[in-house]
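Q: This is the content of entry_27.txt (compact mmCIF, C-alpha atoms):
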```
# COMPACT_ATOMS: atom_id res chain seq x y z
CA MET A 216 -5.29 -8.94 -35.69
CA SER A 217 -6.87 -7.96 -32.38
CA VAL A 218 -10.55 -8.44 -31.62
CA GLU A 219 -11.34 -4.79 -32.36
CA CYS A 220 -9.61 -4.96 -35.74
CA LYS A 221 -12.16 -7.51 -36.90
CA ASP A 222 -14.48 -4.57 -37.34
CA LEU A 223 -12.22 -3.29 -40.11
CA SER A 224 -12.21 -4.94 -43.53
CA SER A 225 -8.91 -6.40 -44.72
CA GLU A 226 -8.70 -3.55 -47.22
CA GLU A 227 -9.17 -0.98 -44.46
CA PHE A 228 -6.66 -2.76 -42.24
CA GLU A 229 -4.04 -2.57 -45.00
CA ARG A 230 -4.95 1.03 -45.89
CA TYR A 231 -4.42 2.20 -42.31
CA SER A 232 -1.60 -0.22 -41.49
CA ARG A 233 0.95 2.56 -40.92
CA GLN A 234 -1.43 4.38 -38.59
CA ILE A 235 -2.93 1.55 -36.57
CA PRO A 236 0.36 0.87 -34.76
CA VAL A 237 0.18 4.48 -33.56
CA ILE A 238 -3.48 4.80 -32.56
CA GLY A 239 -4.45 1.16 -32.25
CA CYS A 240 -7.43 -0.61 -33.77
CA GLU A 241 -9.60 1.06 -31.18
CA GLY A 242 -8.38 4.45 -32.33
CA GLN A 243 -8.94 3.62 -35.98
CA LEU A 244 -12.46 2.49 -35.18
CA ARG A 245 -13.03 5.67 -33.23
CA LEU A 246 -12.10 7.66 -36.32
CA LYS A 247 -14.36 5.46 -38.42
CA LYS A 248 -17.28 6.12 -36.11
CA SER A 249 -16.64 9.87 -35.98
CA ARG A 250 -18.38 12.66 -37.82
CA VAL A 251 -16.65 15.93 -38.60
CA LEU A 252 -18.02 19.12 -40.15
CA VAL A 253 -15.66 21.27 -42.21
CA VAL A 254 -16.95 24.75 -42.96
CA GLY A 255 -15.17 26.15 -46.00
CA ALA A 256 -13.46 24.23 -48.81
CA GLY A 257 -10.74 26.69 -49.78
CA GLY A 258 -7.10 26.78 -48.75
CA LEU A 259 -7.53 25.52 -45.21
CA GLY A 260 -10.42 23.27 -46.23
CA SER A 261 -8.40 21.55 -48.97
CA ALA A 262 -5.76 20.40 -46.51
CA VAL A 263 -8.27 19.58 -43.80
CA LEU A 264 -10.51 17.52 -46.05
CA TYR A 265 -7.70 15.56 -47.67
CA TYR A 266 -6.27 14.42 -44.37
CA LEU A 267 -9.52 13.74 -42.55
CA VAL A 268 -10.56 11.51 -45.42
CA ALA A 269 -7.15 9.89 -45.93
CA ALA A 270 -6.90 9.00 -42.25
CA GLY A 271 -10.32 7.36 -42.22
CA VAL A 272 -12.73 9.65 -40.37
CA GLY A 273 -16.06 7.92 -40.93
CA GLU A 274 -18.25 10.79 -42.06
CA VAL A 275 -17.19 14.19 -43.32
CA VAL A 276 -19.69 16.95 -44.01
CA PHE A 277 -18.36 20.00 -45.84
CA ILE A 278 -20.03 23.27 -46.72
CA ASP A 279 -19.01 25.82 -49.32
CA ASP A 280 -20.95 27.83 -51.89
CA GLY A 281 -18.04 28.74 -54.15
CA VAL A 282 -16.92 27.61 -57.57
CA VAL A 283 -13.31 26.89 -58.48
CA GLU A 284 -11.47 29.94 -59.78
CA LEU A 285 -8.05 30.20 -61.38
CA SER A 286 -6.77 32.29 -58.46
CA ASN A 287 -7.66 29.44 -56.05
CA LEU A 288 -5.29 26.93 -57.58
CA GLN A 289 -2.08 28.31 -56.07
CA ARG A 290 -3.14 27.00 -52.65
CA GLN A 291 -6.42 25.07 -52.85
CA VAL A 292 -4.88 21.73 -53.67
CA LEU A 293 -8.14 19.82 -53.99
CA TYR A 294 -8.76 21.45 -57.37
CA THR A 295 -7.13 21.43 -60.80
CA THR A 296 -7.23 23.68 -63.85
CA GLU A 297 -9.91 21.47 -65.39
CA ASP A 298 -12.23 22.21 -62.46
CA ILE A 299 -12.48 25.97 -63.04
CA GLY A 300 -16.11 27.04 -62.94
CA GLU A 301 -17.27 23.87 -61.15
CA PRO A 302 -18.79 23.93 -57.65
CA LYS A 303 -16.03 23.29 -55.13
CA VAL A 304 -17.95 20.83 -52.98
CA LEU A 305 -18.80 18.62 -55.96
CA VAL A 306 -15.22 18.55 -57.23
CA ALA A 307 -14.01 17.92 -53.68
CA GLU A 308 -16.44 15.03 -53.29
CA LYS A 309 -15.11 13.40 -56.46
CA ARG A 310 -11.46 13.75 -55.42
CA LEU A 311 -12.06 12.62 -51.86
CA ARG A 312 -14.13 9.63 -52.89
CA ALA A 313 -11.29 8.54 -55.15
CA LEU A 314 -8.89 8.97 -52.24
CA ASN A 315 -10.88 6.90 -49.76
CA PRO A 316 -14.18 5.23 -50.71
CA HIS A 317 -14.74 4.07 -47.12
CA VAL A 318 -15.58 7.58 -45.94
CA LYS A 319 -19.14 8.85 -46.11
CA LEU A 320 -19.00 12.28 -47.73
CA ILE A 321 -21.75 14.84 -47.42
CA PRO A 322 -21.08 17.85 -49.66
CA VAL A 323 -23.30 20.86 -48.99
CA LYS A 324 -23.32 23.61 -51.58
CA ALA A 325 -24.76 26.47 -49.58
CA THR A 326 -23.96 29.87 -48.21
CA VAL A 327 -22.90 29.51 -44.58
CA THR A 328 -25.77 30.87 -42.52
CA GLU A 329 -26.98 30.17 -39.02
CA ASP A 330 -29.87 28.10 -40.40
CA VAL A 331 -27.57 25.92 -42.49
CA LEU A 332 -25.18 25.42 -39.58
CA GLU A 333 -28.05 24.57 -37.23
CA LYS A 334 -28.84 21.60 -39.44
CA TYR A 335 -25.33 20.11 -39.50
CA VAL A 336 -23.45 21.18 -36.37
CA ARG A 337 -25.67 19.24 -33.99
CA GLU A 338 -25.00 15.99 -35.88
CA VAL A 339 -21.20 15.95 -35.68
CA ASP A 340 -18.47 15.33 -33.10
CA VAL A 341 -16.11 18.13 -34.07
CA VAL A 342 -16.45 21.30 -36.15
CA VAL A 343 -13.55 22.70 -38.21
CA ASP A 344 -13.37 26.36 -39.11
CA ALA A 345 -11.88 26.66 -42.59
CA LEU A 346 -13.59 29.96 -43.31
CA ASP A 347 -12.07 33.15 -44.67
CA ASN A 348 -13.72 35.92 -42.65
CA TRP A 349 -14.55 36.73 -39.03
CA GLU A 350 -18.21 37.51 -39.59
CA THR A 351 -19.08 33.98 -40.71
CA ARG A 352 -16.63 32.48 -38.21
CA PHE A 353 -18.46 34.11 -35.37
CA ILE A 354 -21.78 32.69 -36.61
CA LEU A 355 -20.16 29.25 -36.68
CA ASP A 356 -18.76 29.84 -33.20
CA LYS A 357 -22.21 30.76 -31.93
CA VAL A 358 -23.82 27.58 -33.25
CA ALA A 359 -20.97 25.29 -32.14
CA TRP A 360 -21.18 26.87 -28.68
CA ARG A 361 -24.93 26.32 -28.58
CA TYR A 362 -24.50 22.58 -29.15
CA TRP A 363 -21.34 22.17 -27.02
CA LYS A 364 -19.31 21.06 -30.02
CA PRO A 365 -15.52 21.51 -30.05
CA LEU A 366 -14.54 24.06 -32.69
CA VAL A 367 -11.08 23.94 -34.23
CA HIS A 368 -10.18 27.39 -35.51
CA ALA A 369 -7.47 28.58 -37.86
CA GLY A 370 -6.97 31.77 -39.81
CA VAL A 371 -4.24 32.60 -42.32
CA GLY A 372 -2.80 35.50 -44.30
CA GLU A 373 0.51 36.14 -46.02
CA TYR A 374 3.15 34.17 -44.06
CA TYR A 375 1.11 34.06 -40.87
CA GLY A 376 -1.56 32.02 -39.21
CA GLN A 377 -3.11 31.17 -35.88
CA LEU A 378 -4.78 28.10 -34.44
CA THR A 379 -6.81 27.34 -31.35
CA VAL A 380 -9.54 25.03 -30.10
CA VAL A 381 -12.70 26.32 -28.49
CA LYS A 382 -14.83 24.12 -26.25
CA ARG A 383 -17.70 25.26 -24.11
CA GLY A 384 -17.06 24.55 -20.46
CA VAL A 385 -13.30 24.53 -21.04
CA THR A 386 -12.41 27.69 -22.98
CA PRO A 387 -13.94 31.04 -23.86
CA CYS A 388 -15.80 31.20 -27.17
CA LEU A 389 -14.05 32.42 -30.30
CA ARG A 390 -15.97 35.71 -30.23
CA CYS A 391 -14.57 36.45 -26.80
CA LEU A 392 -11.07 35.24 -27.50
CA PHE A 393 -10.80 37.33 -30.64
CA LYS A 394 -13.05 40.23 -29.72
CA GLY A 395 -12.11 43.38 -31.52
CA VAL A 396 -10.99 41.77 -34.76
CA GLU A 397 -14.43 41.47 -36.35
CA SER A 398 -13.91 44.50 -38.55
CA GLY A 399 -11.03 42.72 -40.29
CA GLY A 400 -11.30 40.39 -43.26
CA ARG A 401 -13.71 39.99 -46.15
CA GLY A 402 -11.03 41.42 -48.40
CA ARG A 403 -9.12 39.58 -51.07
CA VAL A 404 -7.00 36.88 -49.43
CA VAL A 405 -3.29 37.34 -49.96
CA VAL A 406 -1.36 34.35 -48.72
CA LEU A 407 1.68 32.27 -49.47
CA ALA A 408 0.62 28.90 -50.89
CA THR A 409 1.99 26.89 -48.00
CA THR A 410 0.42 28.83 -45.12
CA PRO A 411 -3.14 27.44 -45.33
CA GLY A 412 -1.73 23.97 -45.97
CA LEU A 413 0.35 24.06 -42.81
CA LEU A 414 -2.39 25.49 -40.62
CA GLY A 415 -4.96 23.12 -42.15
CA LEU A 416 -2.85 20.12 -41.19
CA LEU A 417 -2.46 21.45 -37.68
CA GLU A 418 -6.25 21.76 -37.50
CA VAL A 419 -6.59 18.09 -38.46
CA ASN A 420 -4.06 17.17 -35.80
CA GLU A 421 -6.29 18.89 -33.24
CA VAL A 422 -9.32 17.02 -34.57
CA PHE A 423 -7.52 13.71 -34.16
CA LYS A 424 -6.50 14.50 -30.58
CA ILE A 425 -10.09 15.37 -29.72
CA LEU A 426 -11.60 12.32 -31.42
CA LEU A 427 -9.01 9.92 -30.04
CA GLY A 428 -8.88 11.46 -26.58
CA VAL A 429 -5.10 11.67 -26.67
CA GLY A 430 -2.60 14.45 -26.02
CA GLU A 431 -3.44 18.03 -25.23
CA PRO A 432 -5.76 19.93 -27.55
CA LEU A 433 -5.00 23.64 -27.85
CA TYR A 434 -7.47 24.70 -25.19
CA ASN A 435 -6.85 28.20 -23.80
CA LYS A 436 -3.78 28.46 -25.98
CA ILE A 437 -3.23 30.07 -29.33
CA LEU A 438 -0.60 28.73 -31.68
CA VAL A 439 0.86 31.60 -33.71
CA PHE A 440 2.74 30.68 -36.88
CA ASN A 441 5.19 32.99 -38.57
CA GLY A 442 6.47 31.52 -41.81
CA ARG A 443 9.03 34.25 -42.35
CA LYS A 444 11.23 33.33 -39.44
CA PRO A 445 9.94 30.52 -39.19
CA SER A 446 8.48 30.24 -35.69
CA LEU A 447 5.65 28.58 -33.84
CA ASP A 448 4.69 30.26 -30.59
CA ILE A 449 2.14 28.83 -28.19
CA ILE A 450 0.55 31.56 -26.11
CA GLU A 451 -1.57 30.89 -23.06
CA VAL A 452 -4.63 33.11 -22.97
CA LYS A 453 -7.18 33.99 -20.33
CA VAL A 454 -10.42 35.88 -20.69
CA SER A 455 -12.21 36.89 -17.51
CA GLU A 456 -15.58 38.18 -18.69
CA CYS A 457 -17.10 36.19 -21.50
CA ARG A 458 -20.60 35.32 -20.41
CA ASP A 459 -22.19 38.31 -22.13
CA VAL A 460 -20.34 37.60 -25.35
CA CYS A 461 -20.62 33.82 -25.53
CA GLU A 462 -24.12 33.12 -24.24
CA ASP A 463 -26.98 33.64 -26.69
CA MET B 275 7.38 54.95 -16.17
CA VAL B 276 7.59 52.44 -18.98
CA VAL B 277 5.17 49.97 -20.53
CA ARG B 278 7.06 47.09 -22.12
CA VAL B 279 5.41 45.47 -25.12
CA LYS B 280 6.56 42.29 -26.80
CA ILE B 281 5.58 42.14 -30.46
CA LEU B 282 5.58 38.51 -31.43
CA GLU B 283 5.57 39.02 -35.18
CA THR B 284 8.96 40.72 -35.15
CA ASN B 285 10.15 39.25 -31.86
CA ARG B 286 11.09 42.69 -30.57
CA GLU B 287 10.34 44.43 -27.32
CA VAL B 288 9.24 48.04 -27.38
CA LYS B 289 9.38 50.34 -24.36
CA LEU B 290 6.69 53.00 -24.30
CA ASP B 291 7.45 55.91 -22.01
CA VAL B 292 3.98 56.19 -20.45
CA LYS B 293 2.43 55.35 -17.10
CA GLN B 294 -0.72 53.96 -18.65
CA ILE B 295 -2.23 53.77 -22.08
CA THR B 296 -5.34 52.36 -23.75
CA VAL B 297 -4.96 49.39 -26.05
CA ARG B 298 -6.20 51.53 -28.92
CA GLU B 299 -3.50 54.15 -28.26
CA LEU B 300 -0.87 51.46 -27.81
CA LEU B 301 -1.60 49.84 -31.17
CA SER B 302 -1.76 53.25 -32.82
CA MET B 303 1.67 54.20 -31.43
CA LEU B 304 3.06 50.94 -32.78
CA GLY B 305 1.36 51.44 -36.15
CA LEU B 306 -0.63 48.22 -35.81
CA ALA B 307 -4.24 47.69 -36.94
CA VAL B 308 -6.75 46.87 -34.18
CA SER B 309 -8.55 44.46 -36.49
CA GLU B 310 -5.44 42.30 -36.99
CA HIS B 311 -3.93 42.18 -33.53
CA ILE B 312 -4.67 40.61 -30.19
CA VAL B 313 -3.25 42.26 -27.11
CA LEU B 314 -2.61 40.30 -23.93
CA LYS B 315 -1.99 41.94 -20.57
CA ASN B 316 -0.61 39.37 -18.14
CA SER B 317 -1.99 36.64 -20.44
CA GLU B 318 -5.45 38.19 -20.39
CA VAL B 319 -7.09 39.32 -23.64
CA VAL B 320 -7.73 43.06 -23.55
CA THR B 321 -9.62 45.20 -26.02
CA GLU B 322 -9.47 48.71 -27.43
CA ASP B 323 -10.76 50.61 -24.43
CA ASP B 324 -8.88 48.63 -21.80
CA ILE B 325 -5.94 50.25 -20.10
CA VAL B 326 -2.43 48.88 -19.90
CA GLU B 327 -0.34 50.12 -17.01
CA ASP B 328 3.29 50.28 -16.06
CA ASN B 329 4.68 46.90 -14.97
CA SER B 330 2.15 44.96 -17.02
CA GLU B 331 3.45 42.18 -19.21
CA VAL B 332 2.07 43.03 -22.63
CA VAL B 333 2.21 40.78 -25.68
CA VAL B 334 0.88 41.71 -29.13
CA PHE B 335 0.39 39.19 -31.87
CA THR B 336 -1.11 39.18 -35.35
CA VAL B 337 -4.26 37.27 -36.19
CA LYS B 338 -5.38 36.61 -39.73
CA SER B 339 -8.85 36.11 -41.13
CA GLY B 340 -8.13 34.26 -44.36
CA GLY B 341 -8.75 30.63 -45.10
```
Have the structure of the file written as structure tokens, please.

A:
Amino acid sequence: MSVECKDLSSEEFERYSRQIPVIGCEGQLRLKKSRVLVVGAGGLGSAVLYYLVAAGVGEVVFIDDGVVELSNLQRQVLYTTEDIGEPKVLVAEKRLRALNPHVKLIPVKATVTEDVLEKYVREVDVVVDALDNWETRFILDKVAWRYWKPLVHAGVGEYYGQLTVVKRGVTPCLRCLFKGVESGGRGRVVVLATTPGLLGLLEVNEVFKILLGVGEPLYNKILVFNGRKPSLDIIEVKVSECRDVCED
Amino acid sequence: MVVRVKILETNREVKLDVKQITVRELLSMLGLAVSEHIVLKNSEVVTEDDIVEDNSEVVVFTVKSGG
């Protein structure tokens, strides 16, 4: 065991023993010392939360105001039939604590507003967008931008999804990148069960790259997933005039 | 004069017989909703009122809002 690994308990060392050879003890400790905010605990959020917690991110804050509904269960794998009617964040906390008791979990049952986000965004290292509409996404984007926090975005529908990472000083904001789409969404989500799972895992992969400082986060690129073909396209994007859109 | 548009979702290229066209008109001709598509002209994000000209490299792809 290297010097750095002494900061992990023997239980933690065994738990992460298939990951430590990949990211090193230093990487595992980086995850342990990291704080991530996940906004939304639905289809994307279920996958994101499971893997952040399983992999040993030290503190995970998650916000959602919903209760578990029968129509969620086809894709929101954090929940079971017995949970119907229960607040999502409280059920999620129970499941995630059972998965990995070493992670500090902060469930927040609240409507996602600018005030709520103000309280939590500033305290974390990375923000994950697991929301289901552009209007709230753009509020999240605004607050993450204000505090210079990397924002990992994904959106899904049917067989399709997209993923990108926004970081002030490196990329345009989400509102600028996706300007024009704000009138979409807020309708009933129709989606194949696997689509949010796949995109959620890709979001976590971006979080890990950012936290560990390895690889190439999806800056100024949009990954477009088409589950019908299937295909993954990575598109380079540029936006020339964003100051008016991104600055408060 | 032709504007060539690559539609990622179907992986097909469409040739529009126009010299220039707004993004709004382009999406309308293709039967695609503005609220669910991003249009790139030479890798640059363009919006409804922007104009796409002949010889531009245009890519359209779907974006989804669900989570």

Q: Counting all atoms listed in the file, which of B:Leu290, B:Leu301, B:Leu314, B:Val334 gets nearest to chain A?

A: B:Leu314

Q: For chain A, which residue among B:Val277, B:Met303, B:Val308, B:Val332 is the nearest when counting only C-alpha atoms?

A: B:Val308

Q: Would you mind listing what lies within 10 Å of Asp291 (chain B) as number ranges by chain, with all atoms listed in the file counted and same-chain residues fewer than 5 positions away left out?

A: B: 275-278, 328

Q: Can you check which residues of chain B have any atom within 7 Å of chain A? Use only C-alpha atoms and format it as a list in words.

A: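 Close to chain A, chain B has Glu283, Val308, Ser309, Glu310, Ile312, Ser317, Glu318, Val319, Thr321, Val337, Lys338, Ser339, Gly340 and Gly341 of chain B.
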
Q: Between CA of Ser302 (chain B) and CA of Pro387 (chain A), what is the spacing in Å?

A: 26.9 Å

Q: Just to confirm, what's the straight-line distance from CA of Glu227 (chain A) to CA of Leu426 (chain A) in Å (one decimal)?

A: 18.8 Å

Q: Write out as a list in words the residues lying within 10 Å of Glu338 (chain A), counting all atoms listed in the file and excluding same-chain residues fewer than 3 positions away.

A: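 Final neighbour list, sorted by chain and number: Arg250, Val251, Leu252, Val276, Glu333, Lys334, Tyr335, Val341, Tyr362 and Lys364 of chain A.
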
Q: Would you mind listing what lies within 7 Å of Glu327 (chain B) as a PyMOL selection string, with all atoms listed in the file counted and same-chain residues fewer than 5 positions away left out?

A: chain B and resi 277+293-295

Q: Expressed in Å to a single decimal, how great is the separation between CA of Glu431 (chain A) and CA of Ile235 (chain A)?

A: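 Value for the CA of Glu431 (chain A)-CA of Ile235 (chain A) distance: 20.0 Å.
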
Q: With distances taken over all atoms listed in the file, which of A:Thr326, A:Asn435, A:Ser249, A:Thr295 is nearest to Lys382 (chain A)?

A: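 Distance minimum relative to Lys382 (chain A) lands on A:Asn435.
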
Q: Taking into account all atoms listed in the file, which residue in the set B:Asp324, B:His311, B:Ile281, B:Glu287 is nearest to Glu299 (chain B)?

A: B:Asp324

Q: Pull the neighbourhood of (-4.5, 13.7, -39.1) for me: all residues within 12 Å in file coordinates, counting all atoms listed in the file, as a PDB file with C-alpha atoms, in the coordinates of the input.

A:
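Contents of result-v5.pdb, as written:
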```
ATOM      1  CA  TYR A 231      -4.420   2.200 -42.310  1.00  0.00           C
ATOM      2  CA  GLN A 234      -1.430   4.380 -38.590  1.00  0.00           C
ATOM      3  CA  VAL A 237       0.180   4.480 -33.560  1.00  0.00           C
ATOM      4  CA  ILE A 238      -3.480   4.800 -32.560  1.00  0.00           C
ATOM      5  CA  GLN A 243      -8.940   3.620 -35.980  1.00  0.00           C
ATOM      6  CA  LEU A 246     -12.100   7.660 -36.320  1.00  0.00           C
ATOM      7  CA  ALA A 262      -5.760  20.400 -46.510  1.00  0.00           C
ATOM      8  CA  VAL A 263      -8.270  19.580 -43.800  1.00  0.00           C
ATOM      9  CA  LEU A 264     -10.510  17.520 -46.050  1.00  0.00           C
ATOM     10  CA  TYR A 265      -7.700  15.560 -47.670  1.00  0.00           C
ATOM     11  CA  TYR A 266      -6.270  14.420 -44.370  1.00  0.00           C
ATOM     12  CA  LEU A 267      -9.520  13.740 -42.550  1.00  0.00           C
ATOM     13  CA  VAL A 268     -10.560  11.510 -45.420  1.00  0.00           C
ATOM     14  CA  ALA A 269      -7.150   9.890 -45.930  1.00  0.00           C
ATOM     15  CA  ALA A 270      -6.900   9.000 -42.250  1.00  0.00           C
ATOM     16  CA  GLY A 271     -10.320   7.360 -42.220  1.00  0.00           C
ATOM     17  CA  VAL A 272     -12.730   9.650 -40.370  1.00  0.00           C
ATOM     18  CA  GLY A 415      -4.960  23.120 -42.150  1.00  0.00           C
ATOM     19  CA  LEU A 416      -2.850  20.120 -41.190  1.00  0.00           C
ATOM     20  CA  LEU A 417      -2.460  21.450 -37.680  1.00  0.00           C
ATOM     21  CA  GLU A 418      -6.250  21.760 -37.500  1.00  0.00           C
ATOM     22  CA  VAL A 419      -6.590  18.090 -38.460  1.00  0.00           C
ATOM     23  CA  ASN A 420      -4.060  17.170 -35.800  1.00  0.00           C
ATOM     24  CA  GLU A 421      -6.290  18.890 -33.240  1.00  0.00           C
ATOM     25  CA  VAL A 422      -9.320  17.020 -34.570  1.00  0.00           C
ATOM     26  CA  PHE A 423      -7.520  13.710 -34.160  1.00  0.00           C
ATOM     27  CA  LYS A 424      -6.500  14.500 -30.580  1.00  0.00           C
ATOM     28  CA  ILE A 425     -10.090  15.370 -29.720  1.00  0.00           C
ATOM     29  CA  LEU A 426     -11.600  12.320 -31.420  1.00  0.00           C
ATOM     30  CA  LEU A 427      -9.010   9.920 -30.040  1.00  0.00           C
TER      31      LEU A 427
END
```
